[in-house]
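Just upload26.tsv here, TSV, C-alpha atoms and all ligand atoms:
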chain	number	residue	atom	x	y	z
I	1	MET	CA	15.62	-2.93	-21.38
I	2	THR	CA	15.05	-1.37	-17.98
I	3	GLU	CA	12.91	-3.35	-15.63
I	4	GLN	CA	9.83	-1.31	-14.76
I	5	GLY	CA	8.43	-1.30	-11.26
I	6	LEU	CA	9.76	-2.47	-7.94
I	7	ALA	CA	11.94	-5.54	-7.45
I	8	LEU	CA	13.20	-7.07	-4.22
I	9	HIS	CA	16.22	-9.31	-4.51
I	10	HIS	CA	17.05	-11.73	-1.68
I	11	ILE	CA	15.91	-9.43	1.12
I	12	GLY	CA	16.77	-10.54	4.63
I	13	VAL	CA	15.81	-8.89	7.93
I	14	SER	CA	16.38	-10.14	11.44
I	15	PHE	CA	15.51	-8.59	14.77
I	16	GLY	CA	18.07	-9.87	17.25
I	17	GLY	CA	18.02	-13.63	16.81
I	18	LEU	CA	14.62	-13.67	15.08
I	19	THR	CA	14.51	-13.91	11.28
I	20	ALA	CA	11.58	-11.79	10.07
I	21	LEU	CA	12.42	-12.01	6.34
I	22	ASP	CA	14.62	-14.63	4.77
I	23	ASP	CA	15.78	-14.42	1.14
I	24	VAL	CA	12.61	-12.72	-0.11
I	25	SER	CA	12.49	-11.82	-3.82
I	26	LEU	CA	9.51	-10.38	-5.65
I	27	ARG	CA	8.60	-8.00	-8.42
I	28	VAL	CA	5.69	-5.59	-8.95
I	29	THR	CA	5.31	-4.09	-12.42
I	30	PRO	CA	3.07	-1.20	-13.49
I	31	GLY	CA	-0.52	-2.16	-14.19
I	32	ARG	CA	-0.43	-5.16	-11.87
I	33	VAL	CA	-1.69	-5.84	-8.38
I	34	VAL	CA	0.59	-8.08	-6.32
I	35	GLY	CA	-0.53	-9.33	-2.94
I	36	VAL	CA	1.58	-10.48	-0.02
I	37	ILE	CA	-0.24	-12.81	2.35
I	38	GLY	CA	0.68	-15.09	5.20
I	39	PRO	CA	-0.35	-15.94	8.73
I	40	ASN	CA	0.35	-13.68	11.68
I	41	GLY	CA	4.05	-13.19	12.22
I	42	ALA	CA	4.91	-14.25	8.65
I	43	GLY	CA	6.74	-10.98	7.95
I	44	LYS	CA	4.16	-8.98	5.97
I	45	THR	CA	4.47	-5.76	7.95
I	46	THR	CA	8.25	-6.06	7.98
I	47	LEU	CA	8.22	-6.38	4.19
I	48	PHE	CA	6.02	-3.30	3.92
I	49	ASN	CA	8.39	-1.40	6.22
I	50	VAL	CA	11.40	-2.43	4.17
I	51	VAL	CA	9.82	-0.99	1.01
I	52	CYS	CA	8.92	2.22	2.88
I	53	GLY	CA	12.42	2.55	4.32
I	54	PHE	CA	11.41	2.16	7.96
I	55	VAL	CA	13.36	-1.09	8.27
I	56	PRO	CA	16.70	-1.34	6.46
I	57	PRO	CA	17.32	-4.91	5.27
I	58	GLN	CA	20.52	-6.61	6.41
I	59	THR	CA	20.87	-8.51	3.16
I	60	GLY	CA	19.61	-8.12	-0.37
I	61	THR	CA	18.88	-5.19	-2.67
I	62	MET	CA	15.92	-3.40	-4.20
I	63	THR	CA	15.49	-1.71	-7.56
I	64	LEU	CA	12.89	0.76	-8.79
I	65	ASP	CA	12.53	0.99	-12.57
I	66	GLY	CA	15.84	-0.82	-12.84
I	67	ARG	CA	17.79	1.59	-10.64
I	68	PRO	CA	19.10	0.81	-7.14
I	69	PHE	CA	16.46	1.83	-4.61
I	70	ARG	CA	17.20	2.70	-0.98
I	71	PRO	CA	13.94	4.11	0.34
I	72	ARG	CA	13.79	6.94	2.87
I	73	PRO	CA	10.38	7.34	4.52
I	74	HIS	CA	10.29	11.13	4.15
I	75	ARG	CA	11.24	10.98	0.46
I	76	LEU	CA	8.91	8.18	-0.51
I	77	THR	CA	6.47	10.30	-2.53
I	78	ARG	CA	9.32	11.87	-4.45
I	79	SER	CA	10.55	8.37	-5.31
I	80	GLY	CA	7.14	7.72	-6.90
I	81	ILE	CA	5.75	5.63	-4.07
I	82	ALA	CA	2.54	6.31	-2.19
I	83	ARG	CA	1.05	4.33	0.65
I	84	THR	CA	-2.14	4.20	2.58
I	85	LEU	CA	-2.03	3.97	6.34
I	86	GLN	CA	-3.88	1.49	8.50
I	87	GLY	CA	-6.90	3.28	9.94
I	88	THR	CA	-6.78	5.82	7.07
I	89	GLY	CA	-4.54	8.41	8.85
I	90	LEU	CA	-6.46	11.44	7.59
I	91	PHE	CA	-6.03	14.94	9.05
I	92	ALA	CA	-9.14	15.63	11.12
I	93	GLY	CA	-8.79	19.44	10.82
I	94	LEU	CA	-8.77	19.43	7.00
I	95	THR	CA	-11.64	18.76	4.61
I	96	VAL	CA	-11.66	15.70	2.37
I	97	LEU	CA	-10.45	17.81	-0.54
I	98	GLU	CA	-7.62	19.37	1.48
I	99	ASN	CA	-6.57	15.93	2.69
I	100	VAL	CA	-6.30	14.74	-0.89
I	101	MET	CA	-4.42	17.92	-1.82
I	102	THR	CA	-1.76	17.07	0.79
I	103	GLY	CA	-1.09	13.91	-1.22
I	104	ALA	CA	-0.04	15.95	-4.24
I	105	SER	CA	1.52	18.89	-2.43
I	106	HIS	CA	5.08	17.87	-3.35
I	107	THR	CA	4.18	18.78	-6.94
I	108	ALA	CA	3.21	22.36	-5.98
I	109	ARG	CA	6.09	24.79	-5.82
I	110	ALA	CA	4.59	27.02	-3.18
I	111	GLY	CA	3.89	24.10	-0.90
I	112	LEU	CA	0.80	22.99	0.88
I	113	ALA	CA	0.80	25.44	3.76
I	114	SER	CA	0.38	28.45	1.53
I	115	ALA	CA	-2.03	26.55	-0.72
I	116	VAL	CA	-4.35	25.65	2.13
I	117	LEU	CA	-4.01	29.08	3.69
I	118	GLY	CA	-4.72	30.60	0.30
I	119	LEU	CA	-1.73	32.92	0.14
I	120	PRO	CA	-1.80	34.96	-3.08
I	121	ARG	CA	1.54	33.88	-4.58
I	122	SER	CA	0.37	30.29	-4.71
I	123	ASP	CA	-2.96	30.99	-6.42
I	124	ARG	CA	-2.19	29.16	-9.62
I	125	ASP	CA	-0.55	26.23	-7.82
I	126	GLU	CA	-3.47	25.98	-5.51
I	127	ARG	CA	-6.04	25.98	-8.30
I	128	ARG	CA	-4.09	23.28	-10.13
I	129	LEU	CA	-3.74	21.19	-6.98
I	130	ARG	CA	-7.39	21.62	-6.10
I	131	GLN	CA	-8.52	20.55	-9.57
I	132	HIS	CA	-6.23	17.54	-9.55
I	133	ALA	CA	-7.51	16.49	-6.11
I	134	LEU	CA	-11.11	16.91	-7.29
I	135	ASP	CA	-10.40	14.78	-10.36
I	136	VAL	CA	-9.02	12.00	-8.20
I	137	LEU	CA	-11.99	12.19	-5.83
I	138	ASP	CA	-14.26	12.00	-8.86
I	139	THR	CA	-12.44	8.94	-10.20
I	140	LEU	CA	-13.07	7.19	-6.90
I	141	GLY	CA	-16.71	8.28	-6.88
I	142	ILE	CA	-16.51	10.47	-3.77
I	143	ALA	CA	-16.29	14.01	-5.19
I	144	GLY	CA	-19.60	14.72	-3.46
I	145	HIS	CA	-17.78	14.55	-0.10
I	146	ALA	CA	-15.08	17.05	-1.06
I	147	ASP	CA	-16.03	19.65	1.54
I	148	ALA	CA	-16.89	17.24	4.34
I	149	ALA	CA	-14.78	16.77	7.46
I	150	PRO	CA	-13.38	13.21	7.38
I	151	GLY	CA	-14.69	12.50	10.88
I	152	THR	CA	-18.30	12.83	9.69
I	153	LEU	CA	-17.95	10.11	7.05
I	154	PRO	CA	-18.39	6.33	7.31
I	155	PHE	CA	-15.14	4.35	7.58
I	156	ALA	CA	-15.44	2.91	4.07
I	157	VAL	CA	-15.66	6.42	2.57
I	158	ARG	CA	-12.75	7.66	4.68
I	159	GLN	CA	-10.76	4.77	3.36
I	160	ARG	CA	-11.52	5.86	-0.18
I	161	VAL	CA	-10.31	9.32	0.78
I	162	GLY	CA	-7.07	7.73	1.98
I	163	LEU	CA	-6.72	6.00	-1.38
I	164	ALA	CA	-7.49	9.25	-3.19
I	165	ARG	CA	-4.77	11.01	-1.23
I	166	ALA	CA	-2.28	8.29	-2.19
I	167	LEU	CA	-3.30	8.42	-5.87
I	168	ALA	CA	-3.12	12.22	-5.93
I	169	ALA	CA	0.65	11.86	-5.63
I	170	ARG	CA	0.62	10.18	-9.09
I	171	PRO	CA	2.59	7.22	-7.75
I	172	ARG	CA	4.42	4.64	-9.84
I	173	LEU	CA	3.88	2.23	-6.98
I	174	LEU	CA	1.02	2.21	-4.51
I	175	LEU	CA	1.50	0.34	-1.22
I	176	LEU	CA	-1.59	-0.79	0.63
I	177	ASP	CA	-1.24	-2.05	4.19
I	178	GLU	CA	-4.14	-4.28	5.25
I	179	PRO	CA	-6.84	-2.13	3.59
I	180	ALA	CA	-9.58	-4.57	4.61
I	181	GLY	CA	-8.89	-4.08	8.30
I	182	GLY	CA	-11.98	-2.75	10.09
I	183	LEU	CA	-14.33	-3.33	7.15
I	184	GLY	CA	-17.45	-5.48	7.00
I	185	ALA	CA	-18.13	-8.01	4.23
I	186	GLU	CA	-20.07	-5.58	2.03
I	187	ASP	CA	-17.38	-2.91	2.27
I	188	ILE	CA	-14.71	-5.49	1.48
I	189	ALA	CA	-16.56	-6.48	-1.69
I	190	GLU	CA	-16.68	-2.83	-2.72
I	191	LEU	CA	-13.03	-2.33	-1.83
I	192	SER	CA	-12.11	-5.38	-3.93
I	193	GLU	CA	-13.69	-3.81	-6.97
I	194	LEU	CA	-11.89	-0.56	-6.32
I	195	VAL	CA	-8.44	-2.07	-5.78
I	196	ARG	CA	-8.77	-4.26	-8.87
I	197	GLU	CA	-9.25	-1.12	-10.94
I	198	LEU	CA	-6.59	0.98	-9.21
I	199	PRO	CA	-3.82	0.50	-11.75
I	200	ARG	CA	-6.14	1.89	-14.42
I	201	ARG	CA	-7.57	4.69	-12.30
I	202	ALA	CA	-4.13	6.07	-11.54
I	203	VAL	CA	-2.97	8.95	-13.71
I	204	ASP	CA	-0.10	6.88	-15.11
I	205	PRO	CA	0.17	3.10	-15.08
I	206	CYS	CA	0.74	2.25	-11.47
I	207	ALA	CA	1.85	-0.91	-9.71
I	208	VAL	CA	0.01	-1.96	-6.58
I	209	LEU	CA	1.56	-3.94	-3.74
I	210	LEU	CA	-1.02	-5.09	-1.24
I	211	VAL	CA	-0.14	-6.55	2.14
I	212	GLU	CA	-3.22	-8.23	3.50
I	213	HIS	CA	-4.30	-10.82	5.98
I	214	HIS	CA	-7.77	-11.11	4.45
I	215	MET	CA	-7.68	-14.01	1.98
I	216	ASP	CA	-10.89	-13.21	0.07
I	217	LEU	CA	-9.76	-9.71	-0.80
I	218	VAL	CA	-6.34	-10.87	-1.96
I	219	MET	CA	-7.77	-13.73	-3.99
I	220	SER	CA	-10.25	-11.51	-5.78
I	221	VAL	CA	-8.03	-8.53	-6.62
I	222	CYS	CA	-4.47	-9.76	-7.20
I	223	ASP	CA	-2.82	-10.72	-10.47
I	224	GLU	CA	-0.12	-12.44	-8.47
I	225	ILE	CA	0.20	-13.55	-4.86
I	226	VAL	CA	3.32	-14.07	-2.77
I	227	VAL	CA	2.80	-16.23	0.29
I	228	LEU	CA	5.07	-15.71	3.28
I	229	ASP	CA	5.52	-18.10	6.16
I	230	PHE	CA	8.13	-17.54	8.86
I	231	GLY	CA	9.71	-14.87	6.69
I	232	ARG	CA	10.19	-17.10	3.65
I	233	VAL	CA	8.35	-17.12	0.33
I	234	VAL	CA	6.58	-20.50	0.35
I	235	ALA	CA	4.49	-19.95	-2.79
I	236	THR	CA	4.13	-17.47	-5.65
I	237	GLY	CA	1.53	-17.54	-8.39
I	238	THR	CA	-1.90	-16.56	-9.60
I	239	PRO	CA	-4.74	-16.75	-7.06
I	240	ASP	CA	-5.76	-20.14	-8.49
I	241	GLU	CA	-2.24	-21.53	-8.30
I	242	VAL	CA	-1.78	-20.30	-4.76
I	243	ARG	CA	-5.17	-21.58	-3.63
I	244	ASP	CA	-4.27	-25.11	-4.71
I	245	ASP	CA	-0.73	-25.03	-3.31
I	246	PRO	CA	-0.32	-27.42	-0.36
I	247	ALA	CA	2.41	-25.16	1.11
I	248	VAL	CA	-0.19	-22.41	1.54
I	249	ALA	CA	-2.66	-24.68	3.28
I	250	ASP	CA	0.20	-25.84	5.53
I	251	ALA	CA	1.15	-22.28	6.42
I	252	TYR	CA	-2.41	-21.24	7.31
I	253	LEU	CA	-3.33	-24.55	8.91
I	254	GLY	CA	-0.15	-24.54	10.96
I	255	ALA	CA	-0.97	-21.06	12.19
I	256	ALA	CA	-4.57	-22.05	12.95
I	257	VAL	CA	-3.41	-25.07	14.95
I	258	ASP	CA	-0.91	-22.90	16.87
I	259	GLU	CA	-3.66	-20.43	17.68
I	260	ALA	CA	-6.04	-23.19	18.74
I	261	THR	CA	-3.48	-24.77	21.06
I	262	ALA	CA	-2.01	-21.51	22.33
C	301	LIG	N1	10.52	-4.22	15.56
C	301	LIG	C1	10.57	-5.52	15.82
C	301	LIG	N2	11.38	-6.01	16.79
C	301	LIG	C2	11.44	-7.34	17.05
C	301	LIG	N3	10.72	-8.27	16.38
C	301	LIG	C3	9.90	-7.85	15.41
C	301	LIG	C4	9.77	-6.46	15.08
C	301	LIG	N4	8.87	-6.34	14.06
C	301	LIG	C5	8.46	-7.59	13.79
C	301	LIG	N5	9.08	-8.50	14.58
C	301	LIG	C6	8.91	-9.96	14.52
C	301	LIG	O1	9.14	-10.36	13.17
C	301	LIG	C7	8.21	-11.37	12.79
C	301	LIG	C8	7.40	-10.89	11.60
C	301	LIG	O2	6.50	-9.88	12.06
C	301	LIG	P1	5.55	-9.04	11.09
C	301	LIG	O3	6.33	-8.56	9.95
C	301	LIG	O4	4.86	-8.05	11.93
C	301	LIG	O5	4.53	-10.18	10.62
C	301	LIG	P2	3.05	-10.02	10.02
C	301	LIG	O6	2.83	-8.61	9.63
C	301	LIG	O7	3.02	-10.99	8.87
C	301	LIG	O8	2.12	-10.47	11.11
C	301	LIG	C9	7.37	-11.68	13.99
C	301	LIG	O9	7.92	-12.80	14.66
C	301	LIG	C10	7.51	-10.42	14.85
C	301	LIG	O10	7.36	-10.73	16.21
C	302	MG	MG	1.30	-7.25	10.17

Kindly transcribe the structure held in the file into structure tokens.
Amino acid sequence: MTEQGLALHHIGVSFGGLTALDDVSLRVTPGRVVGVIGPNGAGKTTLFNVVCGFVPPQTGTMTLDGRPFRPRPHRLTRSGIARTLQGTGLFAGLTVLENVMTGASHTARAGLASAVLGLPRSDRDERRLRQHALDVLDTLGIAGHADAAPGTLPFAVRQRVGLARALAARPRLLLLDEPAGGLGAEDIAELSELVRELPRRAVDPCAVLLVEHHMDLVMSVCDEIVVLDFGRVVATGTPDEVRDDPAVADAYLGAAVDEATA
């Protein structure tokens, strides 16, 4: 049986003499939301960058749907992986709908440029792309903003647009980097609800890997949580298991004490 989803096996990364990730193994299967948490400097961003192909690991291997996986950032979408960017990363000169269309443009033969410019040869592609993007916007409850410029929308809506763009690529794996950053408590509650439902809202069953500093969000949306401290996995389990794990309290308390005495 092939193993569905993404698996990391004994990943190690060091920058000079500093070990950022040490023997990290984890698995994300379709339909599940897995969260990676840990105090500042624990290695969360490095882990995210390894999966995106920005940082090649010195040790360990990855597999995607059971096959060896060596990510290249520019080919990520083709590999079935979509990610959202911190601060949403939307194109200011495109409408919401066009932004979401860029997410799926690798599926259109004529390419995005001609689709957005409306060149005749790409008419059918463009209509298909446009409809798909509208469907995704509708699923996320923001179809009403399709023609708006992203800059005119509140941050929480722009963030939904970012998610829509990622989902438009029909990913097998969705990577979310600190989605709660910059959001207030109310928006975080709304985001929690959204992320929890993401695997089901995707066109095909999708796995979600969430890297997040914000404990409440992770606790409320994840099926499984991996806790990093100094680049090592110090706990793995359900939110309840992780909440009661003394190693997790140690990691966060240690970091809090460091910050207080720094
Ligand atoms: N490009 C880099 N060069 C040198 N050190 C780095 C680099 N990226 C991260 N680090 C170090 O690796 C460790 C893990 O960092 P990071 O993955 O950013 O942690 P987190 O996202 O959990 O805060 C930190 O000690 C950080 O200073
Ligand atoms: Mg980080």

Protein and nucleic acid residues within 8 Å of ligand MG 302 (chain C) (only C-alpha atoms and all ligand atoms) as a PDB file with C-alpha atoms, in the frame of the given file:
ATOM      1  CA  ASN I  40       0.350 -13.680  11.680  1.00  0.00           C
ATOM      2  CA  GLY I  41       4.050 -13.190  12.220  1.00  0.00           C
ATOM      3  CA  GLY I  43       6.740 -10.980   7.950  1.00  0.00           C
ATOM      4  CA  LYS I  44       4.160  -8.980   5.970  1.00  0.00           C
ATOM      5  CA  THR I  45       4.470  -5.760   7.950  1.00  0.00           C
ATOM      6  CA  THR I  46       8.250  -6.060   7.980  1.00  0.00           C
ATOM      7  CA  GLU I 178      -4.140  -4.280   5.250  1.00  0.00           C
ATOM      8  CA  HIS I 213      -4.300 -10.820   5.980  1.00  0.00           C
TER       9      HIS I 213
END

Can you pull out every residue within 10 Å of Pro199 (chain I), counting all atoms listed in the file, but drop anything in the same chain fewer than 6 positions away, and send it as an MDAnalysis selection string?
chainID I and resid 30:33 167 172:174 205:208

Contact table chain I vs ligand LIG 301 (chain C), cut-off 9 Å, shortest pair per residue, all atoms listed in the file, as JSON lines:
{"residue": "I:Val13", "atom": "CA", "partner": "C:LIG301", "partner_atom": "O1", "distance": 8.6}
{"residue": "I:Ser14", "atom": "CA", "partner": "C:LIG301", "partner_atom": "O1", "distance": 7.4}
{"residue": "I:Phe15", "atom": "CA", "partner": "C:LIG301", "partner_atom": "C2", "distance": 4.8}
{"residue": "I:Gly16", "atom": "CA", "partner": "C:LIG301", "partner_atom": "C2", "distance": 7.1}
{"residue": "I:Leu18", "atom": "CA", "partner": "C:LIG301", "partner_atom": "O1", "distance": 6.7}
{"residue": "I:Thr19", "atom": "CA", "partner": "C:LIG301", "partner_atom": "O1", "distance": 6.7}
{"residue": "I:Ala20", "atom": "CA", "partner": "C:LIG301", "partner_atom": "O1", "distance": 4.2}
{"residue": "I:Leu21", "atom": "CA", "partner": "C:LIG301", "partner_atom": "C8", "distance": 7.4}
{"residue": "I:Ile37", "atom": "CA", "partner": "C:LIG301", "partner_atom": "O7", "distance": 7.5}
{"residue": "I:Gly38", "atom": "CA", "partner": "C:LIG301", "partner_atom": "O7", "distance": 6.0}
{"residue": "I:Pro39", "atom": "CA", "partner": "C:LIG301", "partner_atom": "O7", "distance": 6.0}
{"residue": "I:Asn40", "atom": "CA", "partner": "C:LIG301", "partner_atom": "O8", "distance": 3.7}
{"residue": "I:Gly41", "atom": "CA", "partner": "C:LIG301", "partner_atom": "O5", "distance": 3.4}
{"residue": "I:Ala42", "atom": "CA", "partner": "C:LIG301", "partner_atom": "O7", "distance": 3.8}
{"residue": "I:Gly43", "atom": "CA", "partner": "C:LIG301", "partner_atom": "O3", "distance": 3.2}
{"residue": "I:Lys44", "atom": "CA", "partner": "C:LIG301", "partner_atom": "O7", "distance": 3.7}
{"residue": "I:Thr45", "atom": "CA", "partner": "C:LIG301", "partner_atom": "O6", "distance": 3.7}
{"residue": "I:Thr46", "atom": "CA", "partner": "C:LIG301", "partner_atom": "O3", "distance": 3.7}
{"residue": "I:Leu47", "atom": "CA", "partner": "C:LIG301", "partner_atom": "O3", "distance": 6.4}
{"residue": "I:Phe48", "atom": "CA", "partner": "C:LIG301", "partner_atom": "O3", "distance": 8.0}
{"residue": "I:Asn49", "atom": "CA", "partner": "C:LIG301", "partner_atom": "O3", "distance": 8.3}
{"residue": "I:Val55", "atom": "CA", "partner": "C:LIG301", "partner_atom": "N1", "distance": 8.4}
{"residue": "I:Val211", "atom": "CA", "partner": "C:LIG301", "partner_atom": "O6", "distance": 8.3}
{"residue": "I:Glu212", "atom": "CA", "partner": "C:LIG301", "partner_atom": "O6", "distance": 8.6}
{"residue": "I:His213", "atom": "CA", "partner": "C:LIG301", "partner_atom": "O7", "distance": 7.9}
{"residue": "I:Leu228", "atom": "CA", "partner": "C:LIG301", "partner_atom": "O7", "distance": 7.6}
{"residue": "I:Asp229", "atom": "CA", "partner": "C:LIG301", "partner_atom": "O7", "distance": 8.0}
{"residue": "I:Phe230", "atom": "CA", "partner": "C:LIG301", "partner_atom": "C8", "distance": 7.2}
{"residue": "I:Gly231", "atom": "CA", "partner": "C:LIG301", "partner_atom": "C8", "distance": 6.7}

I'd like to know which of I:Asp125, I:Glu98, I:Asp204, I:Glu186 is closest to Arg170 (chain I), using all atoms listed in the file.
I:Asp204

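CA of Phe69 (chain I) to CA of Pro57 (chain I) spans 12.0 Å [interatomic distance, one decimal].
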
So that I can check the surroundings of Asp187 (chain I), please list as a VMD selection string every protein, DNA and RNA residue that reaches within 12 Å of it, counting all atoms listed in the file and ignoring chain neighbours fewer than 4 positions away.
chain I and resid 154 to 160 179 to 183 191 to 194 217

Which residues are close to Met62 (chain I), i.e. within 10 Å by all atoms listed in the file, leaving aside same-chain residues fewer than 6 positions away? Reply as a short mmCIF file (atom, residue, chain, number, x, y, z; two decimals) with C-alpha atoms, keeping the file's coordinate frame.
data_model
loop_
_atom_site.label_atom_id
_atom_site.label_comp_id
_atom_site.auth_asym_id
_atom_site.auth_seq_id
_atom_site.Cartn_x
_atom_site.Cartn_y
_atom_site.Cartn_z
CA LEU I 6 9.76 -2.47 -7.94
CA ALA I 7 11.94 -5.54 -7.45
CA LEU I 8 13.20 -7.07 -4.22
CA HIS I 9 16.22 -9.31 -4.51
CA HIS I 10 17.05 -11.73 -1.68
CA ILE I 11 15.91 -9.43 1.12
CA SER I 25 12.49 -11.82 -3.82
CA LEU I 26 9.51 -10.38 -5.65
CA ARG I 27 8.60 -8.00 -8.42
CA VAL I 50 11.40 -2.43 4.17
CA VAL I 51 9.82 -0.99 1.01
CA PRO I 68 19.10 0.81 -7.14
CA PHE I 69 16.46 1.83 -4.61
CA ARG I 70 17.20 2.70 -0.98
CA PRO I 71 13.94 4.11 0.34
#

Quick one: distance from CA of Gly141 (chain I) to CA of Thr95 (chain I) in Å, one decimal?
16.4 Å

So what do you get for CA of Phe54 (chain I) versus CA of Pro73 (chain I), distance-wise?
6.3 Å

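For the set I:Gly89, I:Gly12, I:Gly53, I:Gly60, the residue with the smallest atom-to-atom gap to Arg232 (chain I) is I:Gly12, counting all atoms listed in the file.
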
Region 95-202 of chain I residues near region 79-82 of chain I within 12 Å, closest pair each, using only C-alpha atoms, as CSV:
residue,atom,partner,partner_atom,distance
I:Thr102,CA,I:Ala82,CA,12.0
I:Gly103,CA,I:Ala82,CA,8.5
I:Ala104,CA,I:Ala82,CA,10.2
I:His106,CA,I:Gly80,CA,10.9
I:Thr107,CA,I:Gly80,CA,11.4
I:Gly162,CA,I:Ala82,CA,10.6
I:Leu163,CA,I:Ala82,CA,9.3
I:Ala164,CA,I:Ala82,CA,10.5
I:Arg165,CA,I:Ala82,CA,8.7
I:Ala166,CA,I:Ala82,CA,5.2
I:Leu167,CA,I:Ala82,CA,7.2
I:Ala168,CA,I:Ala82,CA,9.0
I:Ala169,CA,I:Ala82,CA,6.8
I:Arg170,CA,I:Gly80,CA,7.3
I:Pro171,CA,I:Gly80,CA,4.7
I:Arg172,CA,I:Gly80,CA,5.1
I:Leu173,CA,I:Ile81,CA,4.9
I:Leu174,CA,I:Ala82,CA,5.0
I:Leu175,CA,I:Ala82,CA,6.1
I:Leu176,CA,I:Ala82,CA,8.7
I:Asp177,CA,I:Ala82,CA,11.2
I:Ala202,CA,I:Ala82,CA,11.5

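Closest to Val234 (chain I) among I:Asp23, I:Gly144, I:Gly17, I:Arg124 is I:Asp23, based on all atoms listed in the file.
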
Restricting to all atoms listed in the file, whichever of I:Leu64, I:Pro239, I:Gly151, I:Val161 is closest to Leu134 (chain I) is I:Val161

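Around Leu97 (chain I), within 10 Å and counting all atoms listed in the file, the residues found are Leu94, Val100, Met101, Thr102, Leu129, Arg130, Gln131, His132, Ala133, Leu134, Val136, Leu137, Ala143, His145, Ala146, Asp147, Ala148, Ala149, Pro150, Val161, Ala164 and Arg165 of chain I, once anything fewer than 3 positions away on its own chain is removed.
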